[in-house]
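Dumped model_3.pdb below, it's PDB, C-alpha atoms:
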```pdb
ATOM      1  CA  MET H 262     -18.177 -14.972  19.799  1.00  0.00           C
ATOM      2  CA  GLN H 263     -21.296 -14.595  17.726  1.00  0.00           C
ATOM      3  CA  LEU H 264     -24.087 -12.206  18.649  1.00  0.00           C
ATOM      4  CA  TYR H 265     -27.459 -13.051  17.158  1.00  0.00           C
ATOM      5  CA  TYR H 266     -29.399  -9.806  16.755  1.00  0.00           C
ATOM      6  CA  SER H 267     -32.233  -8.013  15.016  1.00  0.00           C
ATOM      7  CA  PRO H 268     -31.639  -4.355  14.096  1.00  0.00           C
ATOM      8  CA  GLY H 269     -32.708  -2.022  16.878  1.00  0.00           C
ATOM      9  CA  ALA H 270     -34.109  -4.799  19.065  1.00  0.00           C
ATOM     10  CA  CYS H 271     -33.030  -5.356  22.668  1.00  0.00           C
ATOM     11  CA  SER H 272     -29.963  -7.119  21.257  1.00  0.00           C
ATOM     12  CA  LEU H 273     -28.602  -3.630  20.601  1.00  0.00           C
ATOM     13  CA  ALA H 274     -27.676  -3.382  24.295  1.00  0.00           C
ATOM     14  CA  PRO H 275     -25.117  -6.227  24.361  1.00  0.00           C
ATOM     15  CA  HIS H 276     -23.954  -5.083  20.929  1.00  0.00           C
ATOM     16  CA  ILE H 277     -23.113  -1.697  22.473  1.00  0.00           C
ATOM     17  CA  VAL H 278     -21.336  -3.481  25.331  1.00  0.00           C
ATOM     18  CA  LEU H 279     -19.219  -5.457  22.860  1.00  0.00           C
ATOM     19  CA  HIS H 280     -18.087  -2.192  21.297  1.00  0.00           C
ATOM     20  CA  GLU H 281     -17.427  -0.611  24.695  1.00  0.00           C
ATOM     21  CA  LEU H 282     -15.138  -3.540  25.516  1.00  0.00           C
ATOM     22  CA  GLY H 283     -13.554  -3.804  22.074  1.00  0.00           C
ATOM     23  CA  LEU H 284     -14.229  -7.543  22.069  1.00  0.00           C
ATOM     24  CA  LYS H 285     -13.913  -9.372  18.780  1.00  0.00           C
ATOM     25  CA  HIS H 286     -17.263 -10.692  17.648  1.00  0.00           C
ATOM     26  CA  ASP H 287     -19.313 -11.691  14.651  1.00  0.00           C
ATOM     27  CA  LEU H 288     -22.857 -10.524  14.077  1.00  0.00           C
ATOM     28  CA  VAL H 289     -25.587 -12.855  12.868  1.00  0.00           C
ATOM     29  CA  LYS H 290     -28.746 -11.067  11.785  1.00  0.00           C
ATOM     30  CA  VAL H 291     -32.001 -12.820  12.657  1.00  0.00           C
ATOM     31  CA  ASP H 292     -35.258 -12.385  10.777  1.00  0.00           C
ATOM     32  CA  GLY H 293     -37.584 -11.854  13.731  1.00  0.00           C
ATOM     33  CA  LYS H 294     -40.666 -13.146  11.932  1.00  0.00           C
ATOM     34  CA  ALA H 295     -39.232 -16.096  10.018  1.00  0.00           C
ATOM     35  CA  LYS H 296     -36.715 -16.947  12.786  1.00  0.00           C
ATOM     36  CA  LYS H 297     -34.070 -17.485  10.139  1.00  0.00           C
ATOM     37  CA  THR H 298     -30.459 -16.367   9.765  1.00  0.00           C
ATOM     38  CA  PRO H 299     -29.071 -15.077   6.433  1.00  0.00           C
ATOM     39  CA  ASP H 300     -27.753 -18.526   5.490  1.00  0.00           C
ATOM     40  CA  GLY H 301     -31.193 -20.064   6.037  1.00  0.00           C
ATOM     41  CA  GLY H 302     -30.321 -21.381   9.475  1.00  0.00           C
ATOM     42  CA  ASP H 303     -33.089 -22.067  11.974  1.00  0.00           C
ATOM     43  CA  PHE H 304     -32.809 -19.606  14.863  1.00  0.00           C
ATOM     44  CA  TRP H 305     -35.049 -21.832  16.984  1.00  0.00           C
ATOM     45  CA  ALA H 306     -32.145 -24.260  17.030  1.00  0.00           C
ATOM     46  CA  VAL H 307     -29.931 -21.554  18.517  1.00  0.00           C
ATOM     47  CA  ASN H 308     -32.412 -20.245  21.079  1.00  0.00           C
ATOM     48  CA  SER H 309     -35.502 -22.338  21.722  1.00  0.00           C
ATOM     49  CA  LYS H 310     -37.235 -19.185  23.031  1.00  0.00           C
ATOM     50  CA  GLY H 311     -36.918 -17.725  19.538  1.00  0.00           C
ATOM     51  CA  GLN H 312     -35.799 -14.329  20.796  1.00  0.00           C
ATOM     52  CA  VAL H 313     -32.708 -12.213  20.308  1.00  0.00           C
ATOM     53  CA  PRO H 314     -30.195 -11.665  21.688  1.00  0.00           C
ATOM     54  CA  ALA H 315     -28.276 -14.899  21.870  1.00  0.00           C
ATOM     55  CA  LEU H 316     -24.535 -15.087  22.303  1.00  0.00           C
ATOM     56  CA  ARG H 317     -22.632 -18.123  21.067  1.00  0.00           C
ATOM     57  CA  LEU H 318     -19.382 -18.426  22.979  1.00  0.00           C
ATOM     58  CA  ASP H 319     -16.156 -19.715  21.497  1.00  0.00           C
ATOM     59  CA  ASN H 320     -16.691 -23.030  23.312  1.00  0.00           C
ATOM     60  CA  GLY H 321     -20.077 -23.475  21.625  1.00  0.00           C
ATOM     61  CA  GLU H 322     -22.253 -22.616  24.611  1.00  0.00           C
ATOM     62  CA  VAL H 323     -25.118 -20.219  24.009  1.00  0.00           C
ATOM     63  CA  LEU H 324     -26.199 -17.530  26.464  1.00  0.00           C
ATOM     64  CA  THR H 325     -29.591 -15.842  26.187  1.00  0.00           C
ATOM     65  CA  GLU H 326     -31.343 -12.897  27.856  1.00  0.00           C
ATOM     66  CA  GLY H 327     -29.847  -9.478  27.205  1.00  0.00           C
ATOM     67  CA  PRO H 328     -29.056  -8.420  30.798  1.00  0.00           C
ATOM     68  CA  VAL H 329     -27.328 -11.753  31.433  1.00  0.00           C
ATOM     69  CA  ILE H 330     -25.302 -11.524  28.229  1.00  0.00           C
ATOM     70  CA  SER H 331     -24.261  -7.943  28.989  1.00  0.00           C
ATOM     71  CA  GLN H 332     -23.117  -8.846  32.506  1.00  0.00           C
ATOM     72  CA  TYR H 333     -21.212 -11.855  31.201  1.00  0.00           C
ATOM     73  CA  LEU H 334     -19.411  -9.655  28.677  1.00  0.00           C
ATOM     74  CA  ALA H 335     -18.581  -7.021  31.293  1.00  0.00           C
ATOM     75  CA  ASP H 336     -17.162  -9.701  33.571  1.00  0.00           C
ATOM     76  CA  GLN H 337     -14.709 -10.724  30.862  1.00  0.00           C
ATOM     77  CA  GLN H 338     -12.984  -7.373  31.415  1.00  0.00           C
ATOM     78  CA  PRO H 339     -13.505  -6.344  35.067  1.00  0.00           C
ATOM     79  CA  GLY H 340     -11.222  -3.355  34.581  1.00  0.00           C
ATOM     80  CA  SER H 341     -13.770  -1.825  32.203  1.00  0.00           C
ATOM     81  CA  LYS H 342     -16.113  -1.227  35.171  1.00  0.00           C
ATOM     82  CA  LEU H 343     -19.108  -1.825  32.918  1.00  0.00           C
ATOM     83  CA  ALA H 344     -20.422  -3.944  35.804  1.00  0.00           C
ATOM     84  CA  PRO H 345     -19.324  -3.729  39.447  1.00  0.00           C
ATOM     85  CA  ALA H 346     -17.653  -6.789  40.935  1.00  0.00           C
ATOM     86  CA  ALA H 347     -19.926  -9.758  41.667  1.00  0.00           C
ATOM     87  CA  GLY H 348     -21.039  -9.961  45.281  1.00  0.00           C
ATOM     88  CA  THR H 349     -20.726  -6.243  45.975  1.00  0.00           C
ATOM     89  CA  MET H 350     -23.651  -4.006  46.874  1.00  0.00           C
ATOM     90  CA  GLU H 351     -22.902  -2.000  43.736  1.00  0.00           C
ATOM     91  CA  ARG H 352     -23.492  -5.124  41.625  1.00  0.00           C
ATOM     92  CA  TYR H 353     -26.888  -5.599  43.238  1.00  0.00           C
ATOM     93  CA  ARG H 354     -27.685  -1.948  42.522  1.00  0.00           C
ATOM     94  CA  LEU H 355     -26.835  -2.608  38.880  1.00  0.00           C
ATOM     95  CA  GLN H 356     -29.163  -5.593  38.909  1.00  0.00           C
ATOM     96  CA  GLU H 357     -31.886  -3.407  40.399  1.00  0.00           C
ATOM     97  CA  TRP H 358     -31.612  -1.186  37.353  1.00  0.00           C
ATOM     98  CA  LEU H 359     -31.506  -4.091  34.919  1.00  0.00           C
ATOM     99  CA  ASN H 360     -34.589  -5.685  36.477  1.00  0.00           C
ATOM    100  CA  LEU H 361     -36.480  -2.404  36.458  1.00  0.00           C
ATOM    101  CA  ILE H 362     -35.651  -1.773  32.808  1.00  0.00           C
ATOM    102  CA  THR H 363     -36.723  -5.312  31.913  1.00  0.00           C
ATOM    103  CA  SER H 364     -39.989  -5.401  33.831  1.00  0.00           C
ATOM    104  CA  GLU H 365     -41.238  -1.815  33.706  1.00  0.00           C
ATOM    105  CA  LEU H 366     -39.791  -0.301  30.542  1.00  0.00           C
ATOM    106  CA  HIS H 367     -38.809  -3.034  28.094  1.00  0.00           C
ATOM    107  CA  LYS H 368     -42.088  -4.923  28.375  1.00  0.00           C
ATOM    108  CA  GLY H 369     -44.211  -1.779  28.439  1.00  0.00           C
ATOM    109  CA  ILE H 370     -42.655   0.088  25.543  1.00  0.00           C
ATOM    110  CA  GLY H 371     -41.846  -3.061  23.585  1.00  0.00           C
ATOM    111  CA  GLY H 372     -45.446  -4.220  23.850  1.00  0.00           C
ATOM    112  CA  LEU H 373     -46.521  -1.303  21.679  1.00  0.00           C
ATOM    113  CA  PHE H 374     -44.880  -2.936  18.662  1.00  0.00           C
ATOM    114  CA  ASN H 375     -47.595  -5.618  18.617  1.00  0.00           C
ATOM    115  CA  PRO H 376     -49.411  -5.135  15.281  1.00  0.00           C
ATOM    116  CA  ALA H 377     -52.576  -6.720  16.698  1.00  0.00           C
ATOM    117  CA  LEU H 378     -53.171  -3.847  19.118  1.00  0.00           C
ATOM    118  CA  THR H 379     -56.024  -1.464  18.441  1.00  0.00           C
ATOM    119  CA  ASP H 380     -55.558   2.285  18.909  1.00  0.00           C
ATOM    120  CA  ASP H 381     -57.471   2.091  22.190  1.00  0.00           C
ATOM    121  CA  MET H 382     -55.260  -0.713  23.445  1.00  0.00           C
ATOM    122  CA  LYS H 383     -52.147   1.260  22.492  1.00  0.00           C
ATOM    123  CA  LYS H 384     -53.448   4.256  24.446  1.00  0.00           C
ATOM    124  CA  VAL H 385     -53.893   2.082  27.531  1.00  0.00           C
ATOM    125  CA  LEU H 386     -50.326   0.813  27.233  1.00  0.00           C
ATOM    126  CA  ARG H 387     -48.926   4.311  26.656  1.00  0.00           C
ATOM    127  CA  ASP H 388     -50.813   5.627  29.672  1.00  0.00           C
ATOM    128  CA  LYS H 389     -49.326   2.821  31.795  1.00  0.00           C
ATOM    129  CA  MET H 390     -45.854   4.104  30.919  1.00  0.00           C
ATOM    130  CA  ASP H 391     -46.491   7.425  32.658  1.00  0.00           C
ATOM    131  CA  ARG H 392     -45.691   6.085  36.125  1.00  0.00           C
ATOM    132  CA  PRO H 393     -42.315   4.443  35.357  1.00  0.00           C
ATOM    133  CA  LEU H 394     -41.260   7.351  33.155  1.00  0.00           C
ATOM    134  CA  ASP H 395     -42.282   9.856  35.841  1.00  0.00           C
ATOM    135  CA  TRP H 396     -40.147   7.898  38.331  1.00  0.00           C
ATOM    136  CA  LEU H 397     -37.222   7.763  35.909  1.00  0.00           C
ATOM    137  CA  GLU H 398     -37.516  11.495  35.275  1.00  0.00           C
ATOM    138  CA  LYS H 399     -37.069  12.185  38.985  1.00  0.00           C
ATOM    139  CA  LYS H 400     -34.057   9.881  39.152  1.00  0.00           C
ATOM    140  CA  LEU H 401     -32.362  11.531  36.181  1.00  0.00           C
ATOM    141  CA  ALA H 402     -33.313  15.156  36.864  1.00  0.00           C
ATOM    142  CA  GLY H 403     -30.259  17.304  37.507  1.00  0.00           C
ATOM    143  CA  LYS H 404     -27.848  14.546  36.528  1.00  0.00           C
ATOM    144  CA  SER H 405     -25.381  14.788  33.677  1.00  0.00           C
ATOM    145  CA  ASP H 406     -23.879  11.345  34.132  1.00  0.00           C
ATOM    146  CA  PHE H 407     -25.088   7.740  34.172  1.00  0.00           C
ATOM    147  CA  LEU H 408     -27.470   5.489  36.091  1.00  0.00           C
ATOM    148  CA  MET H 409     -24.747   4.287  38.464  1.00  0.00           C
ATOM    149  CA  GLY H 410     -23.121   7.693  38.906  1.00  0.00           C
ATOM    150  CA  GLY H 411     -20.029   8.720  36.987  1.00  0.00           C
ATOM    151  CA  GLN H 412     -19.456   5.365  35.277  1.00  0.00           C
ATOM    152  CA  PHE H 413     -21.190   4.081  32.127  1.00  0.00           C
ATOM    153  CA  THR H 414     -22.447   0.542  32.762  1.00  0.00           C
ATOM    154  CA  VAL H 415     -24.362  -2.190  30.966  1.00  0.00           C
ATOM    155  CA  ALA H 416     -27.556  -0.716  32.472  1.00  0.00           C
ATOM    156  CA  ASP H 417     -27.019   2.456  30.443  1.00  0.00           C
ATOM    157  CA  ALA H 418     -26.658   0.433  27.249  1.00  0.00           C
ATOM    158  CA  TYR H 419     -29.941  -1.333  28.014  1.00  0.00           C
ATOM    159  CA  LEU H 420     -31.891   1.759  29.051  1.00  0.00           C
ATOM    160  CA  PHE H 421     -30.772   3.663  25.952  1.00  0.00           C
ATOM    161  CA  THR H 422     -31.892   0.773  23.743  1.00  0.00           C
ATOM    162  CA  VAL H 423     -35.374   0.716  25.262  1.00  0.00           C
ATOM    163  CA  LEU H 424     -35.782   4.497  25.314  1.00  0.00           C
ATOM    164  CA  ASN H 425     -34.792   4.622  21.665  1.00  0.00           C
ATOM    165  CA  TRP H 426     -37.974   2.699  20.855  1.00  0.00           C
ATOM    166  CA  THR H 427     -40.140   5.591  22.049  1.00  0.00           C
ATOM    167  CA  LYS H 428     -39.588   7.334  18.718  1.00  0.00           C
ATOM    168  CA  MET H 429     -41.266   4.432  16.924  1.00  0.00           C
ATOM    169  CA  VAL H 430     -44.265   3.922  19.215  1.00  0.00           C
ATOM    170  CA  ALA H 431     -45.439   7.540  19.595  1.00  0.00           C
ATOM    171  CA  ILE H 432     -44.254   8.145  23.159  1.00  0.00           C
ATOM    172  CA  ASP H 433     -43.211  11.792  23.247  1.00  0.00           C
ATOM    173  CA  LEU H 434     -40.296  12.228  25.654  1.00  0.00           C
ATOM    174  CA  ASN H 435     -40.685  16.025  25.655  1.00  0.00           C
ATOM    175  CA  ARG H 436     -42.858  15.443  28.708  1.00  0.00           C
ATOM    176  CA  TRP H 437     -39.793  13.960  30.439  1.00  0.00           C
ATOM    177  CA  PRO H 438     -36.909  16.327  29.547  1.00  0.00           C
ATOM    178  CA  ALA H 439     -34.303  14.632  31.754  1.00  0.00           C
ATOM    179  CA  VAL H 440     -35.113  11.263  30.195  1.00  0.00           C
ATOM    180  CA  LYS H 441     -34.929  12.779  26.711  1.00  0.00           C
ATOM    181  CA  ASP H 442     -31.586  14.434  27.503  1.00  0.00           C
ATOM    182  CA  TYR H 443     -30.235  11.153  28.879  1.00  0.00           C
ATOM    183  CA  ARG H 444     -31.216   9.302  25.706  1.00  0.00           C
ATOM    184  CA  SER H 445     -29.509  11.940  23.570  1.00  0.00           C
ATOM    185  CA  ARG H 446     -26.298  11.911  25.615  1.00  0.00           C
ATOM    186  CA  ILE H 447     -25.951   8.142  25.618  1.00  0.00           C
ATOM    187  CA  GLY H 448     -26.723   8.056  21.912  1.00  0.00           C
ATOM    188  CA  GLU H 449     -23.635  10.151  21.230  1.00  0.00           C
ATOM    189  CA  ARG H 450     -21.202   7.642  22.732  1.00  0.00           C
ATOM    190  CA  PRO H 451     -18.824   6.146  20.141  1.00  0.00           C
ATOM    191  CA  SER H 452     -19.816   2.598  21.120  1.00  0.00           C
ATOM    192  CA  VAL H 453     -23.495   3.379  20.614  1.00  0.00           C
ATOM    193  CA  GLN H 454     -22.846   5.073  17.294  1.00  0.00           C
ATOM    194  CA  ALA H 455     -20.718   2.150  16.111  1.00  0.00           C
ATOM    195  CA  ALA H 456     -23.293  -0.482  17.052  1.00  0.00           C
ATOM    196  CA  MET H 457     -26.154   1.459  15.481  1.00  0.00           C
ATOM    197  CA  LYS H 458     -24.215   1.985  12.264  1.00  0.00           C
ATOM    198  CA  MET H 459     -23.415  -1.718  12.027  1.00  0.00           C
ATOM    199  CA  GLU H 460     -27.113  -2.522  12.481  1.00  0.00           C
ATOM    200  CA  GLY H 461     -28.108  -0.022   9.800  1.00  0.00           C
ATOM    201  CA  LEU H 462     -29.998   2.199  12.229  1.00  0.00           C
ATOM    202  CA  ILE H 463     -28.018   5.337  11.391  1.00  0.00           C
ATOM    203  CA  LYS H 464     -25.676   6.323   8.588  1.00  0.00           C
TER     204      LYS H 464
END
```
Is it possible to give me this structure as C-alpha cells?
Amino acid sequence: MQLYYSPGACSLAPHIVLHELGLKHDLVKVDGKAKKTPDGGDFWAVNSKGQVPALRLDNGEVLTEGPVISQYLADQQPGSKLAPAAGTMERYRLQEWLNLITSELHKGIGGLFNPALTDDMKKVLRDKMDRPLDWLEKKLAGKSDFLMGGQFTVADAYLFTVLNWTKMVAIDLNRWPAVKDYRSRIGERPSVQAAMKMEGLIK
C-alpha cells in the first residue's frame, strides 16, 4: 500500500492507524500547493479532488477520504479493535464520532489555515469553535481513556490529528483542560510518535 500524505495534514490520522496495525506501507509525500509528488508525479491523477490522504491499494485501486481510509485499514485486522465490527451499534457510534470530527472540528480548525483570511475573519472562525470544543470538553471531562471507552480507535487518531492543529492556529486549549489532556495522552502513543517522526513533525 501507498499512503499519499502531507506532513501534519489530516493524512496523519490514517498514518497513525497504519502504525497501530503494523501494516507494511510506503509513504508518498505530496506538495499541497503544487499537487506534485517527489518524483514530479501529478497528484491530481491520483486523487481528482487534489486532497490528501489517498491510499493506493496493492490491486491499484485508490481510496480517498481519511475516515474511510482509516476504517478500511482497521477492517483489514478486525482483531485490532480499531473499529468495531460493521453493522453493530458500536460501529455506528464510531461513525458518529468520525462525522462530528469531520464536520465540526476538522473544517472549523482547518479553515484557519487559509492565508486569505483577515484577522477579523480568523476571530470569527475561532469564536465558532467555542461551542464544539465546549461540548467535547464535557464529553472528555473525568475520562482517562478514549472516545469509545477503554479502546483506542481510528476516531482517536483523527481527533488527535485535528486537535494538534490548534497549536498552529492560535486556539489555546488551556480553556479546555480535558481536551488538552486528551491531546497530550494520545500524542504519547508509540504509533503517534512513530508517524509524526516519519513525517518530520517531531525529532
Legend entry - Å distance separating atom CA of H:Glu460 from atom CA of H:Glu281, one decimal place: 15.7 Å
Inset, instruction - Write out as number ranges by chain the residues lying within 12 Å of H:Arg354, counting only C-alpha atoms and excluding same-chain residues fewer than 4 positions away. - result: H: 344-350, 358-361, 408-410, 414, 416
Extending 3 Å beyond the listed atoms of stretch 299-315 of chain H on each side, what axis-aligned box results? I want centre and edge lengths in Å to one decimal, as AutoDock Vina command-line options.
```
--center_x -32.5 --center_y -18.0 --center_z 14.3 --size_x 15.5 --size_y 18.6 --size_z 23.5
```
Legend entry - Residues in the PyMOL selection byres ((chain H and resi 266) around 6), expressed as a ChimeraX atom specification: /H:265,267,272,290-291,313-314
Give me a file of those residues, with C-alpha atoms, as a short mmCIF file (atom, residue, chain, number, x, y, z; two decimals), in the coordinates of the input.
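This went into result.cif:
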```cif
data_model
loop_
_atom_site.label_atom_id
_atom_site.label_comp_id
_atom_site.auth_asym_id
_atom_site.auth_seq_id
_atom_site.Cartn_x
_atom_site.Cartn_y
_atom_site.Cartn_z
CA TYR H 265 -27.46 -13.05 17.16
CA SER H 267 -32.23 -8.01 15.02
CA SER H 272 -29.96 -7.12 21.26
CA LYS H 290 -28.75 -11.07 11.78
CA VAL H 291 -32.00 -12.82 12.66
CA VAL H 313 -32.71 -12.21 20.31
CA PRO H 314 -30.20 -11.66 21.69
#
```
Legend entry - Which of H:Gly411, H:Pro451, H:Pro275, H:Pro268 sits closest to H:Lys342 [using all atoms listed in the file]: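 Among H:Gly411, H:Pro451, H:Pro275, H:Pro268, it is H:Gly411 that comes nearest to H:Lys342.
Each of H:Asp433, H:Asp442, H:Asp336, H:Asp319 was checked against H:Glu398 using all atoms listed in the file; the smallest atom-to-atom distance is that of H:Asp442.
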Which polymer residues have any atom within 10 Å of an atom of H:Asp395, counting only C-alpha atoms, with same-chain residues fewer than 5 positions away left out, as a short mmCIF file (atom, residue, chain, number, x, y, z; two decimals) with C-alpha atoms, keeping the file's coordinate frame?
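The result, stored in around_5.cif:
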```cif
data_model
loop_
_atom_site.label_atom_id
_atom_site.label_comp_id
_atom_site.auth_asym_id
_atom_site.auth_seq_id
_atom_site.Cartn_x
_atom_site.Cartn_y
_atom_site.Cartn_z
CA MET H 390 -45.85 4.10 30.92
CA LYS H 400 -34.06 9.88 39.15
CA ARG H 436 -42.86 15.44 28.71
CA TRP H 437 -39.79 13.96 30.44
CA VAL H 440 -35.11 11.26 30.20
#
```
Inset, instruction - Name the closest residue to H:Trp396 among the candidates H:Glu351, H:Glu326, H:Asp300, H:Glu365; distances are taken between atoms, counting all atoms listed in the file. - result: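 That would be H:Glu365, the residue with the smallest distance to H:Trp396.
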Inset, instruction - Report the residues retrieved by the PyMOL selection byres ((chain H and resi 294) around 12) from the displayed file, expressed as a VMD selection string. - result: chain H and resid 267 291 to 293 295 to 298 303 to 305 311 to 313
Inset, instruction - Please indicate the distance in Å from atom CA of H:Ile362 to atom CA of H:Tyr419, rounded to one decimal place. - result: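 Interatomic distance, atom CA of H:Ile362 to atom CA of H:Tyr419: 7.5 Å.
Our summary of the geometry notes that atom CA of H:Phe421 is positioned 6.6 Å from atom CA of H:Ile447.
For the residues H:Ala274, H:Pro299, H:Ile432, H:Phe374, ranking by smallest atom-to-atom distance to H:Asp391 using all atoms listed in the file places H:Ile432 first.
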Inset, instruction - May I ask which of the residues H:Leu284, H:Val453, H:Leu264, H:Met459 is the closest one to H:Asn308, counting all atoms listed in the file? - result: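 The shortest atom-to-atom distance to H:Asn308 comes from H:Leu264.
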Inset, instruction - Extract, using all atoms listed in the file, all DNA, RNA and protein residues at most 8 Å from H:His280, discarding same-chain residues fewer than 6 positions from it, and format them as a ChimeraX atom specification. - result: /H:452-453,455-456
Legend entry - From H:Asn425, H:Glu322, H:Gly302, H:Ala377, residue lying nearest H:Met457 [all atoms listed in the file]: H:Asn425
